$ cat run_22.csv   # CSV, C-alpha atoms
chain,number,residue,atom,x,y,z
A,298,MET,CA,-1.7,24.5,-52.5
A,299,ASP,CA,0.9,23.0,-54.8
A,300,ARG,CA,3.5,25.3,-53.4
A,301,TRP,CA,2.9,24.1,-49.9
A,302,THR,CA,3.0,20.5,-51.0
A,303,GLU,CA,6.3,21.2,-52.8
A,304,ILE,CA,7.8,22.7,-49.7
A,305,GLU,CA,6.5,20.0,-47.4
A,306,LEU,CA,7.9,17.3,-49.7
A,307,PHE,CA,11.3,19.0,-49.9
A,308,VAL,CA,11.5,19.3,-46.0
A,309,GLN,CA,10.5,15.6,-45.8
A,310,VAL,CA,13.2,14.7,-48.3
A,311,ALA,CA,15.8,16.7,-46.4
A,312,GLU,CA,14.9,15.1,-43.1
A,313,THR,CA,14.5,11.5,-44.3
A,314,GLY,CA,17.2,11.5,-47.0
A,315,SER,CA,14.8,9.6,-49.2
A,316,LEU,CA,12.4,10.6,-51.9
A,317,SER,CA,10.3,7.5,-51.5
A,318,ARG,CA,10.0,7.9,-47.7
A,319,ALA,CA,9.1,11.5,-48.2
A,320,ALA,CA,6.4,10.5,-50.7
A,321,GLU,CA,5.0,7.9,-48.3
A,322,ALA,CA,4.8,10.4,-45.5
A,323,LEU,CA,2.7,12.7,-47.6
A,324,ASP,CA,0.7,9.9,-49.2
A,325,LEU,CA,2.1,10.6,-52.7
A,326,SER,CA,3.3,8.3,-55.4
A,327,ASN,CA,7.0,8.3,-56.1
A,328,ALA,CA,6.3,9.8,-59.6
A,329,ALA,CA,4.2,12.6,-58.1
A,330,ALA,CA,6.8,13.3,-55.5
A,331,SER,CA,9.5,13.6,-58.2
A,332,ARG,CA,7.3,16.0,-60.2
A,333,HIS,CA,6.7,18.2,-57.1
A,334,LEU,CA,10.4,18.3,-56.3
A,335,SER,CA,11.3,19.1,-59.9
A,336,ALA,CA,8.6,21.8,-60.1
A,337,LEU,CA,10.0,23.4,-56.9
A,338,GLU,CA,13.5,23.5,-58.3
A,339,GLU,CA,12.3,24.9,-61.6
A,340,ARG,CA,10.2,27.6,-59.9
A,341,LEU,CA,13.2,28.7,-57.7
A,342,GLY,CA,15.7,28.4,-60.6
A,343,ALA,CA,18.1,26.4,-58.4
A,344,ARG,CA,19.2,22.9,-57.8
A,345,LEU,CA,18.2,21.9,-54.2
A,346,VAL,CA,18.9,18.1,-54.2
A,347,GLU,CA,21.6,16.1,-55.8
A,348,ARG,CA,20.5,12.5,-56.8
A,349,ASN,CA,22.4,9.5,-57.9
A,350,THR,CA,21.8,5.8,-57.8
A,351,ARG,CA,23.4,5.4,-54.4
A,352,ARG,CA,22.3,8.4,-52.3
A,353,LEU,CA,20.4,11.8,-52.2
A,354,TYR,CA,21.8,14.9,-50.5
A,355,LEU,CA,21.2,18.7,-50.4
A,356,THR,CA,23.2,21.2,-52.3
A,357,ASP,CA,24.5,24.3,-50.4
A,358,THR,CA,21.5,26.2,-51.8
A,359,GLY,CA,19.2,23.3,-50.7
A,360,GLN,CA,20.7,23.5,-47.2
A,361,GLU,CA,19.9,27.2,-47.0
A,362,PHE,CA,16.4,26.7,-48.3
A,363,PHE,CA,15.8,23.8,-46.0
A,364,SER,CA,16.6,25.9,-42.9
A,365,ARG,CA,14.1,28.6,-43.9
A,366,ALA,CA,11.4,26.3,-45.2
A,367,LYS,CA,11.5,24.2,-42.0
A,368,THR,CA,11.0,27.4,-39.9
A,369,ILE,CA,8.1,28.5,-42.2
A,370,LEU,CA,6.3,25.1,-41.9
A,371,SER,CA,6.8,25.1,-38.1
A,372,ASP,CA,5.3,28.5,-37.9
A,373,LEU,CA,2.3,27.4,-40.0
A,374,LYS,CA,1.7,24.4,-37.8
A,375,ASP,CA,1.8,26.6,-34.7
A,376,ALA,CA,-0.7,28.9,-36.3
A,377,GLU,CA,-3.0,26.0,-37.2
A,378,SER,CA,-2.7,24.7,-33.6
A,379,ALA,CA,-3.6,28.1,-32.2
A,380,VAL,CA,-6.7,28.2,-34.4
A,381,ASN,CA,-7.7,24.7,-33.4
A,382,ALA,CA,-7.2,25.5,-29.8
A,383,THR,CA,-9.5,28.6,-30.2
A,384,ALA,CA,-12.1,26.5,-31.8
A,385,LEU,CA,-12.1,24.1,-28.9
A,386,ASN,CA,-11.7,26.9,-26.3
A,387,PRO,CA,-13.5,30.0,-27.6
A,388,THR,CA,-12.2,33.4,-26.4
A,389,GLY,CA,-13.1,37.0,-26.7
A,390,MET,CA,-16.2,39.2,-26.2
A,391,LEU,CA,-19.6,37.7,-27.1
A,392,ARG,CA,-22.2,40.4,-27.7
A,393,ILE,CA,-25.8,39.3,-27.3
A,394,THR,CA,-29.0,41.3,-27.6
A,395,ALA,CA,-32.5,40.4,-26.6
A,396,SER,CA,-35.5,42.1,-25.0
A,397,LEU,CA,-35.3,42.8,-21.3
A,398,SER,CA,-37.9,40.2,-20.5
A,399,PHE,CA,-36.1,37.5,-22.6
A,400,SER,CA,-32.7,38.5,-21.2
A,401,LEU,CA,-34.0,38.2,-17.6
A,402,HIS,CA,-35.9,35.0,-18.0
A,403,HIS,CA,-33.9,33.1,-20.6
A,404,VAL,CA,-30.5,34.6,-21.2
A,405,ALA,CA,-29.2,35.5,-17.7
A,406,PRO,CA,-30.1,32.1,-16.2
A,407,LEU,CA,-27.9,30.3,-18.8
A,408,LEU,CA,-24.8,32.5,-18.4
A,409,ARG,CA,-23.3,30.7,-15.3
A,410,GLU,CA,-23.3,27.3,-17.1
A,411,TYR,CA,-22.1,28.8,-20.4
A,412,THR,CA,-19.2,30.7,-18.9
A,413,GLN,CA,-18.2,27.8,-16.8
A,414,ARG,CA,-18.1,25.7,-19.9
A,415,TYR,CA,-16.2,28.4,-21.9
A,416,PRO,CA,-14.3,30.5,-19.3
A,417,ASN,CA,-12.3,32.5,-21.8
A,418,VAL,CA,-15.5,34.1,-23.3
A,419,THR,CA,-16.6,37.4,-21.9
A,420,VAL,CA,-20.4,38.0,-22.4
A,421,HIS,CA,-22.0,41.4,-23.0
A,422,VAL,CA,-25.8,41.4,-22.9
A,423,GLU,CA,-27.5,44.4,-24.6
A,424,ALA,CA,-31.1,44.3,-23.3
A,425,ALA,CA,-33.2,46.3,-25.7
A,426,ASN,CA,-37.0,46.2,-26.5
A,427,ARG,CA,-36.3,47.3,-30.1
A,428,TYR,CA,-34.5,45.5,-32.8
A,429,LEU,CA,-30.9,46.7,-32.9
A,430,ASP,CA,-29.1,46.6,-36.2
A,431,ILE,CA,-26.8,43.6,-35.8
A,432,ILE,CA,-24.0,44.8,-38.1
A,433,ASP,CA,-24.0,48.5,-37.1
A,434,ASN,CA,-24.0,47.6,-33.4
A,435,ASN,CA,-21.4,44.8,-33.7
A,436,ILE,CA,-23.8,42.2,-32.3
A,437,ASP,CA,-22.8,38.6,-32.5
A,438,VAL,CA,-26.2,37.0,-31.6
A,439,ALA,CA,-29.6,38.5,-31.4
A,440,ILE,CA,-32.6,36.7,-30.0
A,441,ARG,CA,-35.9,38.1,-31.2
A,442,THR,CA,-39.5,37.3,-32.3
A,443,ARG,CA,-39.6,38.0,-36.0
A,444,GLU,CA,-39.5,35.4,-38.7
A,445,ILE,CA,-37.5,37.3,-41.3
A,446,GLU,CA,-34.6,39.7,-41.3
A,447,PRO,CA,-34.5,42.6,-43.8
A,448,ASP,CA,-30.8,42.1,-44.2
A,449,SER,CA,-29.9,39.1,-46.4
A,450,ASN,CA,-26.5,38.9,-44.6
A,451,ILE,CA,-28.3,37.8,-41.4
A,452,THR,CA,-28.8,34.1,-40.7
A,453,ILE,CA,-31.8,32.9,-38.7
A,454,ARG,CA,-32.1,29.8,-36.6
A,455,ARG,CA,-35.5,29.0,-35.2
A,456,LEU,CA,-35.7,28.3,-31.4
A,457,ALA,CA,-39.4,27.9,-30.6
A,458,GLU,CA,-42.9,29.2,-31.1
A,459,THR,CA,-44.9,30.8,-28.3
A,460,ARG,CA,-48.5,31.7,-27.7
A,461,ARG,CA,-49.5,35.1,-26.4
A,462,ILE,CA,-51.6,34.9,-23.2
A,463,LEU,CA,-54.1,37.0,-21.4
A,464,ALA,CA,-53.6,36.7,-17.6
A,465,ALA,CA,-54.1,38.5,-14.3
A,466,SER,CA,-53.5,37.8,-10.7
A,467,PRO,CA,-56.1,36.0,-8.5
A,468,ARG,CA,-56.5,39.2,-6.5
A,469,TYR,CA,-57.6,41.1,-9.7
A,470,PHE,CA,-60.1,38.5,-10.6
A,471,ALA,CA,-61.4,38.4,-7.0
A,472,GLN,CA,-62.2,42.1,-7.3
A,473,HIS,CA,-63.3,42.4,-10.9
A,474,GLY,CA,-64.5,38.9,-11.9
A,475,PHE,CA,-63.5,36.8,-14.9
A,476,PRO,CA,-64.2,37.9,-18.5
A,477,LYS,CA,-66.5,35.1,-19.9
A,478,THR,CA,-66.5,36.4,-23.5
A,479,LEU,CA,-64.2,38.5,-25.7
A,480,GLU,CA,-66.8,41.4,-25.4
A,481,ASP,CA,-66.3,41.3,-21.6
A,482,LEU,CA,-62.7,42.6,-22.1
A,483,HIS,CA,-64.2,46.1,-22.6
A,484,LYS,CA,-65.2,46.0,-18.9
A,485,HIS,CA,-61.8,45.1,-17.7
A,486,LYS,CA,-58.5,46.9,-17.1
A,487,LEU,CA,-55.9,46.0,-19.7
A,488,LEU,CA,-52.1,46.2,-19.5
A,489,ILE,CA,-50.9,46.9,-23.0
A,490,TYR,CA,-47.4,46.3,-24.6
A,491,THR,CA,-46.9,49.2,-26.9
A,492,TYR,CA,-44.2,47.5,-29.1
A,493,ALA,CA,-46.7,44.8,-30.2
A,494,ASN,CA,-48.1,45.0,-33.7
A,495,ASN,CA,-51.3,47.1,-33.4
A,496,PRO,CA,-51.2,46.9,-29.6
A,497,ASN,CA,-54.8,48.3,-29.2
A,498,GLU,CA,-56.3,45.7,-31.5
A,499,LEU,CA,-56.4,42.1,-30.4
A,500,ARG,CA,-57.1,39.6,-33.2
A,501,PHE,CA,-58.4,36.3,-31.7
A,502,THR,CA,-59.0,33.0,-33.5
A,503,ARG,CA,-60.8,29.9,-32.4
A,504,ASP,CA,-61.2,27.1,-34.9
A,505,ASP,CA,-62.4,28.9,-38.1
A,506,GLU,CA,-63.7,31.9,-36.2
A,507,THR,CA,-61.7,35.2,-36.1
A,508,THR,CA,-62.6,38.3,-34.0
A,509,THR,CA,-60.8,41.6,-33.5
A,510,VAL,CA,-61.3,43.4,-30.2
A,511,THR,CA,-60.3,47.0,-29.8
A,512,VAL,CA,-59.0,47.7,-26.3
A,513,LYS,CA,-57.7,50.7,-24.3
A,514,GLY,CA,-55.1,50.1,-21.7
A,515,LEU,CA,-55.2,51.2,-18.1
A,516,LEU,CA,-51.4,50.9,-18.3
A,517,GLU,CA,-49.3,51.0,-21.4
A,518,SER,CA,-45.6,50.3,-21.5
A,519,ASN,CA,-42.8,49.4,-23.9
A,520,ASP,CA,-41.4,46.8,-21.4
A,521,GLY,CA,-43.0,43.5,-20.6
A,522,GLN,CA,-41.5,43.4,-17.1
A,523,ILE,CA,-43.4,46.6,-16.1
A,524,LEU,CA,-46.6,45.0,-17.3
A,525,ARG,CA,-45.8,41.7,-15.5
A,526,THR,CA,-45.1,43.5,-12.2
A,527,ALA,CA,-48.4,45.5,-12.5
A,528,ALA,CA,-50.3,42.3,-13.3
A,529,LEU,CA,-48.8,40.5,-10.3
A,530,ASP,CA,-49.8,43.5,-8.2
A,531,GLY,CA,-53.4,43.1,-9.3
A,532,LEU,CA,-53.6,46.1,-11.6
A,533,GLY,CA,-55.1,44.4,-14.6
A,534,ILE,CA,-55.0,41.8,-17.4
A,535,LEU,CA,-51.8,41.7,-19.4
A,536,VAL,CA,-51.3,40.4,-22.9
A,537,GLN,CA,-47.8,38.8,-23.1
A,538,PRO,CA,-46.0,35.9,-24.7
A,539,SER,CA,-46.1,32.7,-22.8
A,540,TYR,CA,-42.3,32.7,-22.3
A,541,ILE,CA,-42.7,35.7,-20.0
A,542,VAL,CA,-45.6,34.5,-17.9
A,543,TYR,CA,-45.4,30.7,-18.1
A,544,SER,CA,-43.7,30.2,-14.7
A,545,ASP,CA,-46.1,32.7,-13.0
A,546,ILE,CA,-49.1,30.8,-14.3
A,547,VAL,CA,-47.7,27.4,-13.3
A,548,ALA,CA,-47.0,28.8,-9.8
A,549,GLY,CA,-50.5,30.3,-9.6
A,550,ARG,CA,-49.3,33.9,-9.4
A,551,LEU,CA,-51.2,34.7,-12.6
A,552,VAL,CA,-54.3,33.1,-14.0
A,553,PRO,CA,-55.0,32.8,-17.8
A,554,VAL,CA,-58.4,33.8,-19.2
A,555,LEU,CA,-60.1,33.1,-22.5
A,556,ASP,CA,-57.5,30.5,-23.1
A,557,GLU,CA,-59.6,28.8,-25.7
A,558,TRP,CA,-58.8,31.7,-28.0
A,559,ASP,CA,-55.5,32.3,-29.8
A,560,LEU,CA,-53.7,35.5,-30.5
A,561,PRO,CA,-51.2,35.6,-33.3
A,562,ARG,CA,-48.2,33.5,-32.2
A,563,LEU,CA,-44.6,34.6,-32.1
A,564,THR,CA,-41.5,32.7,-33.4
A,565,ILE,CA,-38.4,33.1,-31.3
A,566,ASN,CA,-35.2,33.0,-33.4
A,567,LEU,CA,-31.5,33.4,-33.1
A,568,ALA,CA,-30.1,35.9,-35.6
A,569,TYR,CA,-26.5,36.3,-36.4
A,570,PRO,CA,-24.2,37.6,-39.3
A,571,SER,CA,-23.9,35.1,-42.1
A,572,ARG,CA,-20.3,33.9,-42.4
A,573,LYS,CA,-18.8,30.8,-44.0
A,574,HIS,CA,-16.9,30.1,-40.8
A,575,LEU,CA,-18.6,31.2,-37.5
A,576,SER,CA,-16.3,32.2,-34.7
A,577,ALA,CA,-16.1,29.6,-31.9
A,578,LYS,CA,-17.8,31.9,-29.4
A,579,VAL,CA,-20.8,32.4,-31.7
A,580,ARG,CA,-21.1,28.8,-32.7
A,581,THR,CA,-20.8,27.5,-29.2
A,582,PHE,CA,-23.4,29.9,-27.8
A,583,ILE,CA,-25.9,29.2,-30.6
A,584,ASP,CA,-25.6,25.5,-30.1
A,585,PHE,CA,-25.7,25.9,-26.3
A,586,VAL,CA,-29.0,27.9,-26.4
A,587,ALA,CA,-30.6,25.6,-29.0
A,588,GLU,CA,-29.7,22.5,-26.9
A,589,HIS,CA,-31.1,24.1,-23.8
A,590,PHE,CA,-34.4,25.0,-25.6
A,591,ALA,CA,-34.8,21.5,-26.9
A,592,LYS,CA,-34.0,19.9,-23.5
A,593,GLN,CA,-36.5,22.1,-21.7
A,594,ASP,CA,-39.2,21.4,-24.4
A,595,TYR,CA,-40.1,25.1,-24.4
A,596,GLU,CA,-42.2,25.0,-27.6
A,597,ARG,CA,-44.5,22.4,-26.2
A,598,LYS,CA,-44.9,24.3,-23.0
A,599,TRP,CA,-45.3,27.7,-24.6
A,600,THR,CA,-47.8,26.7,-27.2
A,601,GLY,CA,-50.0,24.4,-25.0
A,602,ARG,CA,-53.3,25.3,-23.3
A,603,PHE,CA,-53.0,26.0,-19.6
A,604,GLY,CA,-54.4,23.5,-17.2
A,605,VAL,CA,-51.9,21.0,-18.8
A,606,TYR,CA,-48.5,22.2,-18.1

$ encode --input "run_22.csv" --output "structure tokens"
Amino acid sequence: MDRWTEIELFVQVAETGSLSRAAEALDLSNAAASRHLSALEERLGARLVERNTRRLYLTDTGQEFFSRAKTILSDLKDAESAVNATALNPTGMLRITASLSFSLHHVAPLLREYTQRYPNVTVHVEAANRYLDIIDNNIDVAIRTREIEPDSNITIRRLAETRRILAASPRYFAQHGFPKTLEDLHKHKLLIYTYANNPNELRFTRDDETTTVTVKGLLESNDGQILRTAALDGLGILVQPSYIVYSDIVAGRLVPVLDEWDLPRLTINLAYPSRKHLSAKVRTFIDFVAEHFAKQDYERKWTGRFGVY
């Protein structure tokens, strides 16, 4: 850092013709400015400035050094300006991964506003129902429902908590009736998400009561959208996070059942490589998504009981 200060001071001296004015421009005392100039000359082994009681002027060596130093400082300022411009106007490819359901419902709808706000960012969405390794797959931001990451080089930012809901279409219930108790689930057709933890065991809690129900699915899939489509078509009762079915329930396309019981909740997080300085594209996207989630009040909606939307 002292070397840059020395060079900056020397250029100011050459341009102003005054050590005191150069010191003032760099917010240095006259004594400190004199020490920096002397240190520069000592390090270079050459006299750069001649001083006397009446005036200050550059030596021939000083003139040559001034020409080069001024160019170097100008290039440095240009480089800093370019970095600042990138920070204000992020550029490059932003690689995002999330499950297909989350990508469809909560990533794709945000992209128009995000890319209008940051037009120099190109977005790549890798929809995957399994957790891709962020580092190996060159992922900038992952959105997923697990509270910890096995890699300590990954930073987590919490977005929201969500309940998991049992729901089916009005047509299904018209044909098969409503389950009144947890035991009634054995009489119904279940649509099971195979990537859930222990997908054939549903652990319900209500107040201090906990009950585990073993179920067998009429349809099993590793994708929530297949199960949602089947449920909308009246095929059975799905078990899915509220963030997938909330709009369908509010619109009446799906009806929740046994809503007084809770299944283990999920936490939705942003995960991204830990770096001291995040790239502008990553920082702006993370802040954009977090701002959107807070504005939409998703956690309140997704953790509430239905009947009060």

$ atom_distance --input "run_22.csv" --atom1 "atom CA of Leu535 of chain A" --atom2 "atom CA of Leu463 of chain A"
5.6 Å

$ atom_distance --input "run_22.csv" --atom1 "atom CA of Arg409 of chain A" --atom2 "atom CA of Thr452 of chain A"
26.2 Å

$ closest_residue --input "run_22.csv" --among "A:Ala336, A:Val536, A:Val404, A:Leu524" --to "Asn497 of chain A" --atoms "all atoms listed in the file"
A:Val536

$ closest_atom_pairs --input "run_22.csv" --of "segment 505-580 of chain A" --to "segment 420-444 of chain A" --cutoff "12 Å" --atoms "all atoms listed in the file" --output "CSV"
residue,atom,partner,partner_atom,distance
A:Ser518,CA,A:Asn426,CA,10.8
A:Asn519,CA,A:Asn426,CA,7.1
A:Asp520,CA,A:Asn426,CA,6.8
A:Gly521,CA,A:Asn426,CA,8.8
A:Gln522,CA,A:Asn426,CA,10.8
A:Pro538,CA,A:Thr442,CA,10.1
A:Tyr540,CA,A:Thr442,CA,11.4
A:Pro561,CA,A:Thr442,CA,11.9
A:Arg562,CA,A:Thr442,CA,9.5
A:Leu563,CA,A:Thr442,CA,5.8
A:Thr564,CA,A:Thr442,CA,5.1
A:Ile565,CA,A:Thr442,CA,4.5
A:Asn566,CA,A:Arg441,CA,5.6
A:Leu567,CA,A:Ile440,CA,4.7
A:Ala568,CA,A:Ala439,CA,5.0
A:Tyr569,CA,A:Val438,CA,4.9
A:Pro570,CA,A:Asp437,CA,7.0
A:Ser571,CA,A:Asp437,CA,10.3
A:Arg572,CA,A:Asp437,CA,11.2
A:Leu575,CA,A:Asp437,CA,9.9
A:Ser576,CA,A:Asp437,CA,9.4
A:Ala577,CA,A:Asp437,CA,11.2
A:Lys578,CA,A:Asp437,CA,8.9
A:Val579,CA,A:Asp437,CA,6.6
A:Arg580,CA,A:Val438,CA,9.7

$ residues_around --input "run_22.csv" --residues "Ala587 of chain A" --least-positions-apart "4" --cutoff "7 Å" --atoms "all atoms listed in the file" --output "VMD selection string"
chain A and resid 456 583 591

$ atom_distance --input "run_22.csv" --atom1 "atom CA of His333 of chain A" --atom2 "atom CA of Ile304 of chain A"
8.7 Å

$ closest_residue --input "run_22.csv" --among "A:Leu499, A:Val554, A:Asp504, A:Ile453" --to "Phe470 of chain A" --atoms "all atoms listed in the file"
A:Val554

$ residues_around --input "run_22.csv" --residues "Gly601 of chain A" --least-positions-apart "2" --cutoff "12 Å" --atoms "only C-alpha atoms" --output "PyMOL selection string"
chain A and resi 458-462+539-540+543+556-559+562+594-599+603-606

$ closest_residue --input "run_22.csv" --among "A:Leu316, A:Ala528, A:Arg454, A:Arg503" --to "Leu487 of chain A" --atoms "all atoms listed in the file"
A:Ala528

$ residues_around --input "run_22.csv" --residues "Ile534 of chain A" --least-positions-apart "3" --cutoff "12 Å" --atoms "only C-alpha atoms" --output "PyMOL selection string"
chain A and resi 462-470+473-476+482-490+512-517+524-531+537+542+551-555

$ residues_around --input "run_22.csv" --residues "Ser317 of chain A" --least-positions-apart "5" --cutoff "12 Å" --atoms "all atoms listed in the file" --output "ChimeraX atom specification"
/A:306-307,309-311,322-331,334,353

$ residues_around --input "run_22.csv" --residues "Ser371 of chain A" --least-positions-apart "6" --cutoff "12 Å" --atoms "all atoms listed in the file" --output "MDAnalysis selection string"
chainID A and resid 304:305 308 364:365 377:378

$ write_last_selection --input "run_22.csv" --atoms "C-alpha atoms" --output "tab-separated table (two decimals), in the coordinates of the input"
chain	number	residue	atom	x	y	z
A	304	ILE	CA	7.80	22.70	-49.70
A	305	GLU	CA	6.50	20.00	-47.40
A	308	VAL	CA	11.50	19.30	-46.00
A	364	SER	CA	16.60	25.90	-42.90
A	365	ARG	CA	14.10	28.60	-43.90
A	377	GLU	CA	-3.00	26.00	-37.20
A	378	SER	CA	-2.70	24.70	-33.60

$ closest_residue --input "run_22.csv" --among "A:Lys367, A:Glu303, A:Gly314, A:Ala471" --to "Gly533 of chain A" --atoms "all atoms listed in the file"
A:Ala471
